[in-house]
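File shown: run10.pdb (PDB, C-alpha atoms).
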```pdb
ATOM      1  CA  MET A   1      -8.695 -29.657   6.409  1.00  0.00           C
ATOM      2  CA  ARG A   2      -7.323 -28.925   2.954  1.00  0.00           C
ATOM      3  CA  LEU A   3      -8.960 -26.019   1.206  1.00  0.00           C
ATOM      4  CA  GLY A   4      -8.926 -25.283  -2.512  1.00  0.00           C
ATOM      5  CA  ALA A   5      -5.647 -25.374  -4.386  1.00  0.00           C
ATOM      6  CA  TYR A   6      -3.453 -25.337  -1.277  1.00  0.00           C
ATOM      7  CA  GLY A   7      -1.906 -28.719  -0.545  1.00  0.00           C
ATOM      8  CA  ARG A   8      -1.644 -28.552   3.243  1.00  0.00           C
ATOM      9  CA  ASP A   9      -4.177 -28.451   6.046  1.00  0.00           C
ATOM     10  CA  ALA A  10      -5.601 -25.205   7.387  1.00  0.00           C
ATOM     11  CA  GLU A  11      -7.326 -24.755  10.741  1.00  0.00           C
ATOM     12  CA  VAL A  12     -11.009 -24.229   9.928  1.00  0.00           C
ATOM     13  CA  VAL A  13     -12.538 -21.235  11.690  1.00  0.00           C
ATOM     14  CA  GLU A  14     -15.758 -22.408  13.343  1.00  0.00           C
ATOM     15  CA  GLU A  15     -16.696 -19.209  15.137  1.00  0.00           C
ATOM     16  CA  ALA A  16     -15.445 -15.655  14.560  1.00  0.00           C
ATOM     17  CA  ALA A  17     -15.417 -14.527  18.198  1.00  0.00           C
ATOM     18  CA  GLY A  18     -13.483 -17.619  19.254  1.00  0.00           C
ATOM     19  CA  GLU A  19     -10.933 -17.025  16.510  1.00  0.00           C
ATOM     20  CA  ILE A  20     -10.405 -13.444  17.670  1.00  0.00           C
ATOM     21  CA  LEU A  21      -9.959 -14.558  21.272  1.00  0.00           C
ATOM     22  CA  LEU A  22      -7.440 -17.166  20.186  1.00  0.00           C
ATOM     23  CA  LEU A  23      -5.384 -14.749  18.075  1.00  0.00           C
ATOM     24  CA  TRP A  24      -5.249 -11.950  20.619  1.00  0.00           C
ATOM     25  CA  ALA A  25      -4.709 -14.225  23.623  1.00  0.00           C
ATOM     26  CA  LEU A  26      -1.967 -16.384  22.113  1.00  0.00           C
ATOM     27  CA  HIS A  27      -0.246 -14.022  19.693  1.00  0.00           C
ATOM     28  CA  GLN A  28      -0.718 -10.782  21.646  1.00  0.00           C
ATOM     29  CA  PRO A  29      -0.175  -8.745  18.446  1.00  0.00           C
ATOM     30  CA  ALA A  30      -0.161  -5.352  20.167  1.00  0.00           C
ATOM     31  CA  ALA A  31       2.937  -6.402  22.094  1.00  0.00           C
ATOM     32  CA  GLN A  32       4.830  -7.432  18.948  1.00  0.00           C
ATOM     33  CA  ARG A  33       7.023  -5.287  16.747  1.00  0.00           C
ATOM     34  CA  GLN A  34       5.133  -3.358  14.081  1.00  0.00           C
ATOM     35  CA  ASN A  35       6.505  -3.034  10.532  1.00  0.00           C
ATOM     36  CA  ALA A  36       9.143  -5.717  11.017  1.00  0.00           C
ATOM     37  CA  PHE A  37       9.769  -6.102   7.274  1.00  0.00           C
ATOM     38  CA  VAL A  38       8.920  -2.651   5.882  1.00  0.00           C
ATOM     39  CA  ARG A  39       9.915   0.993   6.269  1.00  0.00           C
ATOM     40  CA  HIS A  40       7.149   3.478   5.463  1.00  0.00           C
ATOM     41  CA  SER A  41       9.544   6.418   5.421  1.00  0.00           C
ATOM     42  CA  SER A  42      11.575   4.993   2.529  1.00  0.00           C
ATOM     43  CA  ARG A  43      10.831   5.634  -1.145  1.00  0.00           C
ATOM     44  CA  THR A  44      12.004   2.117  -2.054  1.00  0.00           C
ATOM     45  CA  LEU A  45      11.834  -1.308  -0.459  1.00  0.00           C
ATOM     46  CA  ALA A  46      14.186  -4.071  -1.597  1.00  0.00           C
ATOM     47  CA  ILE A  47      13.414  -7.748  -1.115  1.00  0.00           C
ATOM     48  CA  ASP A  48      14.829 -10.976  -2.549  1.00  0.00           C
ATOM     49  CA  ALA A  49      12.198 -13.211  -4.157  1.00  0.00           C
ATOM     50  CA  CYS A  50      12.076 -15.796  -6.935  1.00  0.00           C
ATOM     51  CA  GLY A  51      15.788 -15.526  -7.604  1.00  0.00           C
ATOM     52  CA  HIS A  52      15.666 -11.758  -8.128  1.00  0.00           C
ATOM     53  CA  ARG A  53      16.282  -8.623  -6.114  1.00  0.00           C
ATOM     54  CA  LEU A  54      12.928  -6.843  -6.308  1.00  0.00           C
ATOM     55  CA  THR A  55      12.674  -3.100  -5.807  1.00  0.00           C
ATOM     56  CA  VAL A  56       9.290  -1.774  -4.703  1.00  0.00           C
ATOM     57  CA  LEU A  57       8.643   1.927  -5.167  1.00  0.00           C
ATOM     58  CA  GLN A  58       6.695   3.602  -2.341  1.00  0.00           C
ATOM     59  CA  SER A  59       5.101   7.012  -1.882  1.00  0.00           C
ATOM     60  CA  PRO A  60       5.485   7.910   1.813  1.00  0.00           C
ATOM     61  CA  SER A  61       4.024  11.390   1.291  1.00  0.00           C
ATOM     62  CA  SER A  62       0.696   9.828   0.271  1.00  0.00           C
ATOM     63  CA  MET A  63       0.252   8.454   3.782  1.00  0.00           C
ATOM     64  CA  SER A  64      -0.813  11.926   4.917  1.00  0.00           C
ATOM     65  CA  THR A  65      -3.970  11.616   2.803  1.00  0.00           C
ATOM     66  CA  PRO A  66      -6.834  10.097   4.862  1.00  0.00           C
ATOM     67  CA  GLY A  67      -7.763   6.604   3.736  1.00  0.00           C
ATOM     68  CA  VAL A  68      -4.692   6.099   1.544  1.00  0.00           C
ATOM     69  CA  THR A  69      -2.687   3.098   2.771  1.00  0.00           C
ATOM     70  CA  GLY A  70      -1.754   1.372  -0.483  1.00  0.00           C
ATOM     71  CA  ALA A  71       1.106   3.712  -1.371  1.00  0.00           C
ATOM     72  CA  VAL A  72       3.486   1.839   0.953  1.00  0.00           C
ATOM     73  CA  MET A  73       4.067  -1.822   1.755  1.00  0.00           C
ATOM     74  CA  TRP A  74       2.781  -3.515   4.907  1.00  0.00           C
ATOM     75  CA  ASP A  75       4.084  -6.606   6.674  1.00  0.00           C
ATOM     76  CA  SER A  76       1.015  -8.564   5.564  1.00  0.00           C
ATOM     77  CA  GLY A  77       1.980  -8.075   1.918  1.00  0.00           C
ATOM     78  CA  ILE A  78       5.562  -9.228   2.548  1.00  0.00           C
ATOM     79  CA  VAL A  79       4.306 -12.256   4.481  1.00  0.00           C
ATOM     80  CA  LEU A  80       1.830 -13.238   1.760  1.00  0.00           C
ATOM     81  CA  GLY A  81       4.299 -12.796  -1.083  1.00  0.00           C
ATOM     82  CA  LYS A  82       6.996 -14.854   0.603  1.00  0.00           C
ATOM     83  CA  PHE A  83       4.397 -17.434   1.666  1.00  0.00           C
ATOM     84  CA  LEU A  84       3.464 -17.938  -1.987  1.00  0.00           C
ATOM     85  CA  GLU A  85       7.108 -18.357  -2.956  1.00  0.00           C
ATOM     86  CA  HIS A  86       7.697 -20.831  -0.122  1.00  0.00           C
ATOM     87  CA  ALA A  87       4.521 -22.794  -0.921  1.00  0.00           C
ATOM     88  CA  VAL A  88       5.494 -23.108  -4.592  1.00  0.00           C
ATOM     89  CA  ASP A  89       9.073 -24.077  -3.754  1.00  0.00           C
ATOM     90  CA  SER A  90       7.849 -26.752  -1.309  1.00  0.00           C
ATOM     91  CA  GLY A  91       5.322 -28.162  -3.774  1.00  0.00           C
ATOM     92  CA  THR A  92       2.204 -27.314  -1.775  1.00  0.00           C
ATOM     93  CA  LEU A  93       0.923 -24.788  -4.313  1.00  0.00           C
ATOM     94  CA  SER A  94       1.164 -24.463  -8.091  1.00  0.00           C
ATOM     95  CA  LEU A  95       0.878 -21.073  -9.751  1.00  0.00           C
ATOM     96  CA  HIS A  96       2.319 -21.871 -13.165  1.00  0.00           C
ATOM     97  CA  GLY A  97      -0.271 -21.092 -15.819  1.00  0.00           C
ATOM     98  CA  LYS A  98      -2.936 -20.183 -13.245  1.00  0.00           C
ATOM     99  CA  ARG A  99      -5.005 -16.989 -13.397  1.00  0.00           C
ATOM    100  CA  VAL A 100      -4.544 -14.769 -10.376  1.00  0.00           C
ATOM    101  CA  VAL A 101      -6.238 -11.538  -9.308  1.00  0.00           C
ATOM    102  CA  GLU A 102      -4.821  -9.315  -6.600  1.00  0.00           C
ATOM    103  CA  LEU A 103      -7.419  -7.093  -4.979  1.00  0.00           C
ATOM    104  CA  GLY A 104      -6.250  -3.832  -3.442  1.00  0.00           C
ATOM    105  CA  ALA A 105      -2.814  -4.452  -4.909  1.00  0.00           C
ATOM    106  CA  GLY A 106      -1.275  -1.236  -3.574  1.00  0.00           C
ATOM    107  CA  CYS A 107       2.421  -1.331  -4.454  1.00  0.00           C
ATOM    108  CA  GLY A 108       1.919  -4.685  -6.160  1.00  0.00           C
ATOM    109  CA  LEU A 109       4.595  -6.863  -4.569  1.00  0.00           C
ATOM    110  CA  VAL A 110       2.310  -9.877  -4.059  1.00  0.00           C
ATOM    111  CA  GLY A 111       1.087  -9.847  -7.648  1.00  0.00           C
ATOM    112  CA  CYS A 112       4.613  -9.394  -8.981  1.00  0.00           C
ATOM    113  CA  ILE A 113       5.832 -12.420  -7.007  1.00  0.00           C
ATOM    114  CA  ALA A 114       2.890 -14.482  -8.277  1.00  0.00           C
ATOM    115  CA  ALA A 115       3.794 -13.522 -11.868  1.00  0.00           C
ATOM    116  CA  LEU A 116       7.433 -14.470 -11.313  1.00  0.00           C
ATOM    117  CA  LEU A 117       6.157 -17.825 -10.042  1.00  0.00           C
ATOM    118  CA  GLY A 118       4.414 -18.422 -13.366  1.00  0.00           C
ATOM    119  CA  ALA A 119       0.907 -17.041 -12.889  1.00  0.00           C
ATOM    120  CA  ASP A 120      -1.016 -14.784 -15.238  1.00  0.00           C
ATOM    121  CA  VAL A 121      -1.811 -11.978 -12.827  1.00  0.00           C
ATOM    122  CA  MET A 122      -4.206  -9.056 -12.881  1.00  0.00           C
ATOM    123  CA  LEU A 123      -3.322  -6.489 -10.223  1.00  0.00           C
ATOM    124  CA  THR A 124      -6.257  -4.241  -9.355  1.00  0.00           C
ATOM    125  CA  ASP A 125      -6.796  -1.127  -7.277  1.00  0.00           C
ATOM    126  CA  LEU A 126      -8.545   2.245  -7.276  1.00  0.00           C
ATOM    127  CA  PRO A 127      -7.883   4.629 -10.196  1.00  0.00           C
ATOM    128  CA  ASP A 128      -5.579   6.958  -8.247  1.00  0.00           C
ATOM    129  CA  ARG A 129      -3.348   4.044  -7.167  1.00  0.00           C
ATOM    130  CA  LEU A 130      -2.637   2.638 -10.635  1.00  0.00           C
ATOM    131  CA  LYS A 131       0.288   4.861 -11.626  1.00  0.00           C
ATOM    132  CA  LEU A 132       2.534   3.638  -8.807  1.00  0.00           C
ATOM    133  CA  LEU A 133       1.272   0.078  -9.249  1.00  0.00           C
ATOM    134  CA  LYS A 134       2.124   0.090 -12.964  1.00  0.00           C
ATOM    135  CA  LYS A 135       5.626   1.406 -12.251  1.00  0.00           C
ATOM    136  CA  ASN A 136       6.304  -1.479  -9.889  1.00  0.00           C
ATOM    137  CA  VAL A 137       4.970  -4.062 -12.336  1.00  0.00           C
ATOM    138  CA  ASP A 138       7.160  -2.659 -15.112  1.00  0.00           C
ATOM    139  CA  LEU A 139      10.180  -2.563 -12.805  1.00  0.00           C
ATOM    140  CA  ASN A 140       9.854  -6.046 -11.306  1.00  0.00           C
ATOM    141  CA  VAL A 141       8.090  -8.212 -13.880  1.00  0.00           C
ATOM    142  CA  GLU A 142       8.409  -6.903 -17.413  1.00  0.00           C
ATOM    143  CA  GLY A 143      12.190  -6.657 -17.408  1.00  0.00           C
ATOM    144  CA  TRP A 144      13.125 -10.274 -16.748  1.00  0.00           C
ATOM    145  CA  ASN A 145      10.071 -12.466 -16.271  1.00  0.00           C
ATOM    146  CA  LYS A 146       9.859 -15.382 -18.695  1.00  0.00           C
ATOM    147  CA  ARG A 147       7.201 -17.480 -16.955  1.00  0.00           C
ATOM    148  CA  GLY A 148       4.027 -15.615 -16.012  1.00  0.00           C
ATOM    149  CA  SER A 149       2.571 -12.236 -16.873  1.00  0.00           C
ATOM    150  CA  ALA A 150       1.168  -9.196 -15.073  1.00  0.00           C
ATOM    151  CA  ARG A 151      -1.225  -6.432 -16.038  1.00  0.00           C
ATOM    152  CA  VAL A 152      -2.865  -3.627 -14.094  1.00  0.00           C
ATOM    153  CA  SER A 153      -6.564  -2.765 -14.054  1.00  0.00           C
ATOM    154  CA  GLU A 154      -8.930  -0.472 -12.187  1.00  0.00           C
ATOM    155  CA  LEU A 155     -11.348  -2.117  -9.767  1.00  0.00           C
ATOM    156  CA  THR A 156     -13.452  -0.540  -7.031  1.00  0.00           C
ATOM    157  CA  TRP A 157     -14.734  -3.018  -4.469  1.00  0.00           C
ATOM    158  CA  GLY A 158     -18.494  -3.228  -4.276  1.00  0.00           C
ATOM    159  CA  ASP A 159     -19.083  -2.055  -7.850  1.00  0.00           C
ATOM    160  CA  ASP A 160     -20.523  -4.365 -10.480  1.00  0.00           C
ATOM    161  CA  ILE A 161     -17.700  -6.279 -12.109  1.00  0.00           C
ATOM    162  CA  ASP A 162     -17.042  -5.526 -15.760  1.00  0.00           C
ATOM    163  CA  THR A 163     -17.224  -8.909 -17.501  1.00  0.00           C
ATOM    164  CA  GLU A 164     -14.284  -7.901 -19.691  1.00  0.00           C
ATOM    165  CA  LEU A 165     -12.166  -7.530 -16.574  1.00  0.00           C
ATOM    166  CA  LEU A 166     -12.182 -11.246 -15.854  1.00  0.00           C
ATOM    167  CA  ASP A 167     -12.952 -12.661 -19.281  1.00  0.00           C
ATOM    168  CA  PRO A 168     -12.894 -15.621 -19.317  1.00  0.00           C
ATOM    169  CA  MET A 169     -14.513 -15.859 -15.904  1.00  0.00           C
ATOM    170  CA  PRO A 170     -12.704 -17.641 -13.060  1.00  0.00           C
ATOM    171  CA  ASP A 171     -12.016 -21.303 -13.765  1.00  0.00           C
ATOM    172  CA  ILE A 172     -10.515 -24.272 -11.966  1.00  0.00           C
ATOM    173  CA  GLY A 173      -7.293 -23.341 -10.229  1.00  0.00           C
ATOM    174  CA  MET A 174      -7.818 -19.578 -10.248  1.00  0.00           C
ATOM    175  CA  ILE A 175      -6.451 -17.967  -7.119  1.00  0.00           C
ATOM    176  CA  HIS A 176      -7.452 -14.562  -5.780  1.00  0.00           C
ATOM    177  CA  ILE A 177      -4.626 -13.083  -3.764  1.00  0.00           C
ATOM    178  CA  LEU A 178      -5.533 -10.379  -1.277  1.00  0.00           C
ATOM    179  CA  GLY A 179      -2.612  -8.843   0.518  1.00  0.00           C
ATOM    180  CA  SER A 180      -1.231  -5.558   1.757  1.00  0.00           C
ATOM    181  CA  ASP A 181      -3.792  -5.137   4.518  1.00  0.00           C
ATOM    182  CA  VAL A 182      -7.159  -5.436   2.760  1.00  0.00           C
ATOM    183  CA  VAL A 183      -9.233  -5.890   5.953  1.00  0.00           C
ATOM    184  CA  TYR A 184      -8.975  -2.476   7.606  1.00  0.00           C
ATOM    185  CA  SER A 185     -12.510  -1.057   8.146  1.00  0.00           C
ATOM    186  CA  GLU A 186     -16.070  -2.329   8.340  1.00  0.00           C
ATOM    187  CA  ALA A 187     -17.088  -0.292   5.287  1.00  0.00           C
ATOM    188  CA  ALA A 188     -14.224  -1.780   3.271  1.00  0.00           C
ATOM    189  CA  VAL A 189     -15.158  -5.281   4.453  1.00  0.00           C
ATOM    190  CA  GLU A 190     -18.697  -4.943   3.083  1.00  0.00           C
ATOM    191  CA  ASP A 191     -17.402  -3.916  -0.343  1.00  0.00           C
ATOM    192  CA  LEU A 192     -14.628  -6.509  -0.335  1.00  0.00           C
ATOM    193  CA  LEU A 193     -17.048  -9.350   0.400  1.00  0.00           C
ATOM    194  CA  SER A 194     -19.419  -8.075  -2.279  1.00  0.00           C
ATOM    195  CA  THR A 195     -16.616  -8.243  -4.842  1.00  0.00           C
ATOM    196  CA  LEU A 196     -15.486 -11.679  -3.670  1.00  0.00           C
ATOM    197  CA  LYS A 197     -18.998 -13.052  -4.103  1.00  0.00           C
ATOM    198  CA  GLN A 198     -19.046 -11.794  -7.688  1.00  0.00           C
ATOM    199  CA  ILE A 199     -15.702 -13.125  -8.835  1.00  0.00           C
ATOM    200  CA  CYS A 200     -15.294 -16.353  -6.864  1.00  0.00           C
ATOM    201  CA  GLY A 201     -16.427 -19.627  -8.367  1.00  0.00           C
ATOM    202  CA  CYS A 202     -16.668 -23.048  -6.784  1.00  0.00           C
ATOM    203  CA  HIS A 203     -13.039 -23.770  -7.677  1.00  0.00           C
ATOM    204  CA  THR A 204     -11.569 -20.446  -6.576  1.00  0.00           C
ATOM    205  CA  THR A 205      -9.030 -20.295  -3.752  1.00  0.00           C
ATOM    206  CA  VAL A 206      -8.710 -17.020  -1.843  1.00  0.00           C
ATOM    207  CA  PHE A 207      -5.674 -16.088   0.254  1.00  0.00           C
ATOM    208  CA  VAL A 208      -6.072 -13.193   2.698  1.00  0.00           C
ATOM    209  CA  ALA A 209      -3.197 -11.855   4.785  1.00  0.00           C
ATOM    210  CA  GLY A 210      -4.062  -9.160   7.273  1.00  0.00           C
ATOM    211  CA  GLU A 211      -2.489  -7.081   9.995  1.00  0.00           C
ATOM    212  CA  LEU A 212      -3.825  -7.912  13.477  1.00  0.00           C
ATOM    213  CA  ARG A 213      -4.598  -4.316  14.258  1.00  0.00           C
ATOM    214  CA  ASN A 214      -8.321  -4.107  15.026  1.00  0.00           C
ATOM    215  CA  ASP A 215     -10.023  -7.168  16.492  1.00  0.00           C
ATOM    216  CA  ALA A 216     -13.538  -5.818  15.845  1.00  0.00           C
ATOM    217  CA  VAL A 217     -12.900  -5.298  12.123  1.00  0.00           C
ATOM    218  CA  LEU A 218     -11.350  -8.746  11.695  1.00  0.00           C
ATOM    219  CA  GLU A 219     -14.259 -10.352  13.554  1.00  0.00           C
ATOM    220  CA  TYR A 220     -16.683  -8.468  11.298  1.00  0.00           C
ATOM    221  CA  PHE A 221     -14.839  -9.765   8.222  1.00  0.00           C
ATOM    222  CA  LEU A 222     -14.791 -13.357   9.458  1.00  0.00           C
ATOM    223  CA  GLU A 223     -18.493 -13.301  10.353  1.00  0.00           C
ATOM    224  CA  GLY A 224     -19.380 -11.984   6.906  1.00  0.00           C
ATOM    225  CA  ALA A 225     -17.034 -14.304   5.055  1.00  0.00           C
ATOM    226  CA  MET A 226     -18.229 -17.429   6.866  1.00  0.00           C
ATOM    227  CA  LYS A 227     -21.744 -16.941   5.479  1.00  0.00           C
ATOM    228  CA  GLU A 228     -20.488 -17.732   1.967  1.00  0.00           C
ATOM    229  CA  PHE A 229     -17.061 -19.301   2.446  1.00  0.00           C
ATOM    230  CA  VAL A 230     -15.254 -21.967   4.422  1.00  0.00           C
ATOM    231  CA  VAL A 231     -12.463 -20.064   6.168  1.00  0.00           C
ATOM    232  CA  GLY A 232      -9.224 -21.668   7.286  1.00  0.00           C
ATOM    233  CA  ARG A 233      -6.231 -20.138   9.051  1.00  0.00           C
ATOM    234  CA  VAL A 234      -2.768 -21.146   7.824  1.00  0.00           C
ATOM    235  CA  ASP A 235      -0.438 -21.892  10.724  1.00  0.00           C
ATOM    236  CA  GLN A 236       2.804 -19.902  10.844  1.00  0.00           C
ATOM    237  CA  SER A 237       4.803 -23.123  10.605  1.00  0.00           C
ATOM    238  CA  GLN A 238       3.728 -23.237   6.947  1.00  0.00           C
ATOM    239  CA  TRP A 239       4.889 -19.694   6.143  1.00  0.00           C
ATOM    240  CA  HIS A 240       8.314 -18.766   4.822  1.00  0.00           C
ATOM    241  CA  PRO A 241      10.639 -19.391   7.786  1.00  0.00           C
ATOM    242  CA  ASP A 242      12.233 -15.937   7.534  1.00  0.00           C
ATOM    243  CA  TYR A 243       8.957 -14.018   7.192  1.00  0.00           C
ATOM    244  CA  ARG A 244       6.713 -14.755  10.140  1.00  0.00           C
ATOM    245  CA  SER A 245       4.989 -12.259  12.400  1.00  0.00           C
ATOM    246  CA  ASP A 246       2.551 -12.500  15.285  1.00  0.00           C
ATOM    247  CA  ARG A 247       1.009  -9.255  14.020  1.00  0.00           C
ATOM    248  CA  VAL A 248      -0.213 -10.954  10.812  1.00  0.00           C
ATOM    249  CA  ALA A 249      -2.810 -13.664  10.176  1.00  0.00           C
ATOM    250  CA  LEU A 250      -3.126 -15.645   6.939  1.00  0.00           C
ATOM    251  CA  TYR A 251      -6.430 -17.193   5.823  1.00  0.00           C
ATOM    252  CA  ILE A 252      -7.674 -19.348   2.959  1.00  0.00           C
ATOM    253  CA  LEU A 253     -11.290 -19.012   1.768  1.00  0.00           C
ATOM    254  CA  VAL A 254     -13.244 -21.298  -0.544  1.00  0.00           C
ATOM    255  CA  LYS A 255     -16.923 -21.081  -1.446  1.00  0.00           C
ATOM    256  CA  LYS A 256     -19.291 -23.399   0.407  1.00  0.00           C
TER     257      LYS A 256
END
```

Could you express the structure from this file as structure tokens?
Amino acid sequence: MRLGAYGRDAEVVEEAAGEILLLWALHQPAAQRQNAFVRHSSRTLAIDACGHRLTVLQSPSSMSTPGVTGAVMWDSGIVLGKFLEHAVDSGTLSLHGKRVVELGAGCGLVGCIAALLGADVMLTDLPDRLKLLKKNVDLNVEGWNKRGSARVSELTWGDDIDTELLDPMPDIGMIHILGSDVVYSEAAVEDLLSTLKQICGCHTTVFVAGELRNDAVLEYFLEGAMKEFVVGRVDQSQWHPDYRSDRVALYILVKK
């Protein structure tokens, strides 16, 4: 069925355990190449998007700090960003003039692409991640973008949302973009879902791209999400043809 602002059908997830069995049996993610589109050892990642050559700054040394994953790009972020570009180009999604929030923005590629596609984007992450995030926004959006806009703000999942952060509150057509591997631990899932419940309205569309790394964590996320949201998986045939991976899954969520 069609979910939210996306103009093509998604496969509705009816049961979390069945979805996990399907993904791991058919896609066999552990047998597929990891980091097909990224290099964690590099200080920069270059990618063509929206008619520009984007340069994403990374901090490989930060990976040695436990729990810090947002200082480098992941395949899920590349897949989601290029999916958005492809969906806009094919007319199945409109971002022009829409308000977008990226949760756990990390290096910020997804939010930057959304801004270049015409959205007014707020890229959010933890306080210690904002310096790198701001550098990437300045480098890839501020210099040449004439359509949308991008700004950076602190947001800790699970905390009460500052009303000024999303003022005015989400309206029709607002899209929350969650990329760069946001479903990675059960503790993070609890806080992520808490934040989603606070900021999602009845007309909000949520896109989640995640690495198929831990089946138990993904099942935990799906079970929790399905209590409040209709969850649909976007088939790979609808992704950008050059950016598909059996190690990544892409979901759309809308409130019930």

- What does the PyMOL selection byres ((chain A and resi 237) around 12) select in this file, as a PyMOL selection string? chain A and resi 8-10+83+86-87+233-236+238-246+250

- Item | Residues returned when the PyMOL selection byres ((chain A and resi 40) around 7) runs on this file, as an MDAnalysis selection string | chainID A and resid 38:39 41:42 60 72

How would you write, as a PDB file with C-alpha atoms, keeping the file's coordinate frame, the residues chosen by the PyMOL selection byres ((chain A and resi 75) around 8) on this structure?
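As written to disk, out16.pdb reads:
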```pdb
ATOM      1  CA  ASN A  35       6.505  -3.034  10.532  1.00  0.00           C
ATOM      2  CA  ALA A  36       9.143  -5.717  11.017  1.00  0.00           C
ATOM      3  CA  PHE A  37       9.769  -6.102   7.274  1.00  0.00           C
ATOM      4  CA  VAL A  38       8.920  -2.651   5.882  1.00  0.00           C
ATOM      5  CA  MET A  73       4.067  -1.822   1.755  1.00  0.00           C
ATOM      6  CA  TRP A  74       2.781  -3.515   4.907  1.00  0.00           C
ATOM      7  CA  SER A  76       1.015  -8.564   5.564  1.00  0.00           C
ATOM      8  CA  GLY A  77       1.980  -8.075   1.918  1.00  0.00           C
ATOM      9  CA  ILE A  78       5.562  -9.228   2.548  1.00  0.00           C
ATOM     10  CA  VAL A  79       4.306 -12.256   4.481  1.00  0.00           C
ATOM     11  CA  SER A 180      -1.231  -5.558   1.757  1.00  0.00           C
ATOM     12  CA  GLU A 211      -2.489  -7.081   9.995  1.00  0.00           C
ATOM     13  CA  VAL A 248      -0.213 -10.954  10.812  1.00  0.00           C
TER      14      VAL A 248
END
```

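Here atom CA of A:Tyr220 is placed at a distance of 9.1 Å from atom CA of A:Ser185.
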
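Residues surrounding stretch 207-210 of chain A within 7 Å are Ser76, Leu80, His176, Ile177, Leu178, Gly179, Asp181, Val182, Val183, Val248, Ala249, Leu250, Tyr251, Ile252 and Leu253 of chain A [all atoms listed in the file; sequence separation below 6 positions excluded].
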
- Task: Compare A:Leu84, A:Leu22, A:Leu196, A:Leu57 by their minimum atom-to-atom distance to A:Leu133, counting only C-alpha atoms, and give me the closest one.
- Result: A:Leu57

- From the list A:Thr156, A:Thr92, A:Ser61, A:Thr205, the nearest residue to A:Pro127 using only C-alpha atoms is A:Thr156

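Residue nearest A:Met122 within the list A:Ser194, A:Gln28, A:Ser59, A:Ser153: A:Ser153 [criterion: smallest interatomic distance, all atoms listed in the file].
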
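Our summary of the geometry notes that atom CA of A:Cys107 is positioned 6.7 Å from atom CA of A:Asn136.
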
- Task: Please indicate the distance in Å from atom CA of A:Asp128 to atom CA of A:Glu154, rounded to one decimal place.
- Result: 9.1 Å

- For A:Leu45, the closest of A:Met226, A:Leu109, A:Ala25, A:Leu193 counting all atoms listed in the file is A:Leu109
